[in-house]
Amino acid sequence: MIVTLDRLAAEYAVARLAPGSGWPHWATWSREFVSVSRTLAETSVICEAQYVPATVPAERGFAAYVVRGPLPFSLVGVMAAITAPLAAAAVPLLAVSTYDTDVILVRIAHATSAEQAWDASGIEIGTR
């Protein structure tokens with residue numbers, strides 16, 4: 001299986017909002033990727049870091065990689081192929097799936113190590 005990841009240009013952040021929060025207006029400004037997810041305990045927003053207000057609790061400094069797709073739901077092993085090299089290189093990650101693809105976020109400080117691990121495992125890195 002050939003996997004290609006496209007690195008998005010922006011720095012990303014993961015923000016935490018109160019449970020039941022709606023879609024924040026500032027998240028809509030994120031151009032290439034935004035994700036809003038909710039549990040009973042929180043609402044999380046992943047978007048370009050520059051748009052997250054300073055008053056919102058957030059972890060900043062993530063690089064985002066999108067699996068070039070679309071990926072069929074029947075495809076097996078993509079996430080394992082992507083995450084195993086990072087685990088071996090001790091690179092923490094956050095994974096998010098959409099209908100068409102998967103998005104992997106790693107700290108910018110770990111991006112070079114992640115890309116080297118992926119390259120060594122045959123995963124190609126591109127840009128959008």
# chains A, B, ... in the order shown; residues from 1 in each chain; ligands from 1
call {"tool": "closest_atom_pairs", "arguments": {"of": "stretch 54-77 of chain A", "to": "stretch 91-114 of chain A", "cutoff": "8 Å", "atoms": "only C-alpha atoms", "output": "Markdown table"}}
result
| residue | atom | partner | partner_atom | distance |
| --- | --- | --- | --- | --- |
| A:Gly61 | CA | A:Ile108 | CA | 5.6 |
| A:Phe62 | CA | A:Arg107 | CA | 4.3 |
| A:Ala63 | CA | A:Ile108 | CA | 5.2 |
| A:Ala64 | CA | A:Leu105 | CA | 4.5 |
| A:Tyr65 | CA | A:Ile104 | CA | 5.1 |
| A:Val66 | CA | A:Val103 | CA | 4.5 |
| A:Val67 | CA | A:Asp102 | CA | 5.5 |
| A:Arg68 | CA | A:Thr101 | CA | 7.2 |
| A:Gly69 | CA | A:Thr101 | CA | 5.8 |
| A:Pro70 | CA | A:Asp100 | CA | 4.6 |
| A:Leu71 | CA | A:Thr101 | CA | 5.5 |
| A:Pro72 | CA | A:Asp100 | CA | 7.4 |
call {"tool": "residues_around", "arguments": {"residues": "stretch 50-53 of chain A", "least_positions_apart": "3", "cutoff": "7 Å", "atoms": "only C-alpha atoms", "output": "mmCIF file with C-alpha atoms, in the first residue's frame"}}
result
data_model
loop_
_atom_site.group_PDB
_atom_site.id
_atom_site.type_symbol
_atom_site.label_atom_id
_atom_site.label_comp_id
_atom_site.auth_asym_id
_atom_site.auth_seq_id
_atom_site.Cartn_x
_atom_site.Cartn_y
_atom_site.Cartn_z
ATOM 1 C CA TRP A 26 -13.340 31.930 14.611
ATOM 2 C CA ALA A 27 -12.942 28.282 13.560
ATOM 3 C CA TRP A 29 -11.663 31.143 9.194
ATOM 4 C CA VAL A 56 -9.399 30.037 24.797
#
call {"tool": "residues_around", "arguments": {"residues": "stretch 12-16 of chain A", "least_positions_apart": "5", "cutoff": "6 Å", "atoms": "only C-alpha atoms", "output": "count of residues only"}}
result
12
call {"tool": "residues_around", "arguments": {"residues": "A:Ala84", "least_positions_apart": "4", "cutoff": "12 Å", "atoms": "only C-alpha atoms", "output": "number ranges by chain"}}
result
A: 77-80, 88-93, 114, 117-118, 120-121, 123
call {"tool": "write_last_selection", "arguments": {"atoms": "C-alpha atoms", "output": "mmCIF file, in the first residue's frame"}}
result
data_model
loop_
_atom_site.group_PDB
_atom_site.id
_atom_site.type_symbol
_atom_site.label_atom_id
_atom_site.label_comp_id
_atom_site.auth_asym_id
_atom_site.auth_seq_id
_atom_site.Cartn_x
_atom_site.Cartn_y
_atom_site.Cartn_z
ATOM 1 C CA GLY A 77 -4.187 -0.767 7.576
ATOM 2 C CA VAL A 78 -3.707 2.872 6.609
ATOM 3 C CA MET A 79 -3.710 4.191 10.160
ATOM 4 C CA ALA A 80 -1.417 1.364 11.298
ATOM 5 C CA ALA A 88 8.884 3.467 16.875
ATOM 6 C CA ALA A 89 10.370 6.983 16.714
ATOM 7 C CA ALA A 90 8.629 8.043 19.966
ATOM 8 C CA VAL A 91 6.654 10.778 18.183
ATOM 9 C CA PRO A 92 3.279 11.558 19.811
ATOM 10 C CA LEU A 93 0.356 12.164 17.478
ATOM 11 C CA ALA A 114 7.981 12.217 11.995
ATOM 12 C CA ALA A 117 10.267 7.995 10.224
ATOM 13 C CA TRP A 118 7.606 8.060 7.514
ATOM 14 C CA ALA A 120 12.120 5.359 6.152
ATOM 15 C CA SER A 121 8.894 3.328 6.096
ATOM 16 C CA ILE A 123 5.430 6.909 3.198
#
call {"tool": "select_by_dssp", "arguments": {"residues": "chain A", "states": "alpha helix (DSSP H)", "output": "ChimeraX atom specification"}}
result
/A:78-88,111-120
call {"tool": "write_last_selection", "arguments": {"atoms": "N, CA and C atoms", "output": "PDB file, in the first residue's frame"}}
result
ATOM      1  N   VAL A  78      -4.298   1.557   6.870  1.00  0.00           N
ATOM      2  CA  VAL A  78      -3.707   2.872   6.609  1.00  0.00           C
ATOM      3  C   VAL A  78      -3.231   3.517   7.905  1.00  0.00           C
ATOM      4  N   MET A  79      -4.086   3.551   8.896  1.00  0.00           N
ATOM      5  CA  MET A  79      -3.710   4.191  10.160  1.00  0.00           C
ATOM      6  C   MET A  79      -2.545   3.454  10.816  1.00  0.00           C
ATOM      7  N   ALA A  80      -2.535   2.133  10.737  1.00  0.00           N
ATOM      8  CA  ALA A  80      -1.417   1.364  11.298  1.00  0.00           C
ATOM      9  C   ALA A  80      -0.120   1.692  10.574  1.00  0.00           C
ATOM     10  N   ALA A  81      -0.184   1.812   9.250  1.00  0.00           N
ATOM     11  CA  ALA A  81       1.015   2.135   8.468  1.00  0.00           C
ATOM     12  C   ALA A  81       1.558   3.515   8.821  1.00  0.00           C
ATOM     13  N   ILE A  82       0.665   4.434   9.153  1.00  0.00           N
ATOM     14  CA  ILE A  82       1.072   5.801   9.478  1.00  0.00           C
ATOM     15  C   ILE A  82       1.574   5.915  10.917  1.00  0.00           C
ATOM     16  N   THR A  83       0.897   5.248  11.831  1.00  0.00           N
ATOM     17  CA  THR A  83       1.222   5.435  13.245  1.00  0.00           C
ATOM     18  C   THR A  83       2.373   4.562  13.740  1.00  0.00           C
ATOM     19  N   ALA A  84       2.569   3.386  13.170  1.00  0.00           N
ATOM     20  CA  ALA A  84       3.642   2.491  13.635  1.00  0.00           C
ATOM     21  C   ALA A  84       5.027   3.144  13.551  1.00  0.00           C
ATOM     22  N   PRO A  85       5.376   3.807  12.430  1.00  0.00           N
ATOM     23  CA  PRO A  85       6.692   4.456  12.386  1.00  0.00           C
ATOM     24  C   PRO A  85       6.841   5.568  13.430  1.00  0.00           C
ATOM     25  N   LEU A  86       5.748   6.266  13.727  1.00  0.00           N
ATOM     26  CA  LEU A  86       5.817   7.324  14.736  1.00  0.00           C
ATOM     27  C   LEU A  86       5.993   6.733  16.128  1.00  0.00           C
ATOM     28  N   ALA A  87       5.313   5.633  16.404  1.00  0.00           N
ATOM     29  CA  ALA A  87       5.485   4.972  17.698  1.00  0.00           C
ATOM     30  C   ALA A  87       6.927   4.508  17.868  1.00  0.00           C
ATOM     31  N   ALA A  88       7.496   3.939  16.813  1.00  0.00           N
ATOM     32  CA  ALA A  88       8.884   3.467  16.875  1.00  0.00           C
ATOM     33  C   ALA A  88       9.864   4.620  17.087  1.00  0.00           C
ATOM     34  N   ALA A 111       8.085  17.355  13.949  1.00  0.00           N
ATOM     35  CA  ALA A 111       7.745  17.170  12.532  1.00  0.00           C
ATOM     36  C   ALA A 111       8.890  16.555  11.733  1.00  0.00           C
ATOM     37  N   THR A 112      10.100  17.006  11.947  1.00  0.00           N
ATOM     38  CA  THR A 112      11.237  16.449  11.203  1.00  0.00           C
ATOM     39  C   THR A 112      11.419  14.975  11.533  1.00  0.00           C
ATOM     40  N   SER A 113      11.340  14.617  12.807  1.00  0.00           N
ATOM     41  CA  SER A 113      11.455  13.211  13.202  1.00  0.00           C
ATOM     42  C   SER A 113      10.332  12.378  12.598  1.00  0.00           C
ATOM     43  N   ALA A 114       9.117  12.928  12.585  1.00  0.00           N
ATOM     44  CA  ALA A 114       7.981  12.217  11.995  1.00  0.00           C
ATOM     45  C   ALA A 114       8.210  11.982  10.507  1.00  0.00           C
ATOM     46  N   GLU A 115       8.626  13.024   9.806  1.00  0.00           N
ATOM     47  CA  GLU A 115       8.837  12.892   8.368  1.00  0.00           C
ATOM     48  C   GLU A 115       9.967  11.914   8.058  1.00  0.00           C
ATOM     49  N   GLN A 116      11.011  11.913   8.866  1.00  0.00           N
ATOM     50  CA  GLN A 116      12.104  10.949   8.666  1.00  0.00           C
ATOM     51  C   GLN A 116      11.618   9.522   8.905  1.00  0.00           C
ATOM     52  N   ALA A 117      10.805   9.324   9.932  1.00  0.00           N
ATOM     53  CA  ALA A 117      10.267   7.995  10.224  1.00  0.00           C
ATOM     54  C   ALA A 117       9.347   7.525   9.101  1.00  0.00           C
ATOM     55  N   TRP A 118       8.493   8.425   8.621  1.00  0.00           N
ATOM     56  CA  TRP A 118       7.606   8.060   7.514  1.00  0.00           C
ATOM     57  C   TRP A 118       8.398   7.750   6.253  1.00  0.00           C
ATOM     58  N   ASP A 119       9.385   8.574   5.959  1.00  0.00           N
ATOM     59  CA  ASP A 119      10.208   8.356   4.770  1.00  0.00           C
ATOM     60  C   ASP A 119      10.896   6.989   4.835  1.00  0.00           C
ATOM     61  N   ALA A 120      11.433   6.646   5.985  1.00  0.00           N
ATOM     62  CA  ALA A 120      12.120   5.359   6.152  1.00  0.00           C
ATOM     63  C   ALA A 120      11.170   4.176   5.989  1.00  0.00           C
TER      64      ALA A 120
END
call {"tool": "closest_residue", "arguments": {"among": "A:Ala54, A:Val3, A:Leu8, A:Glu42", "to": "A:Gly22", "atoms": "only C-alpha atoms"}}
result
A:Glu42
call {"tool": "atom_distance", "arguments": {"atom1": "atom CA of A:Leu75", "atom2": "atom CA of A:Gly126"}}
result
21.3 Å
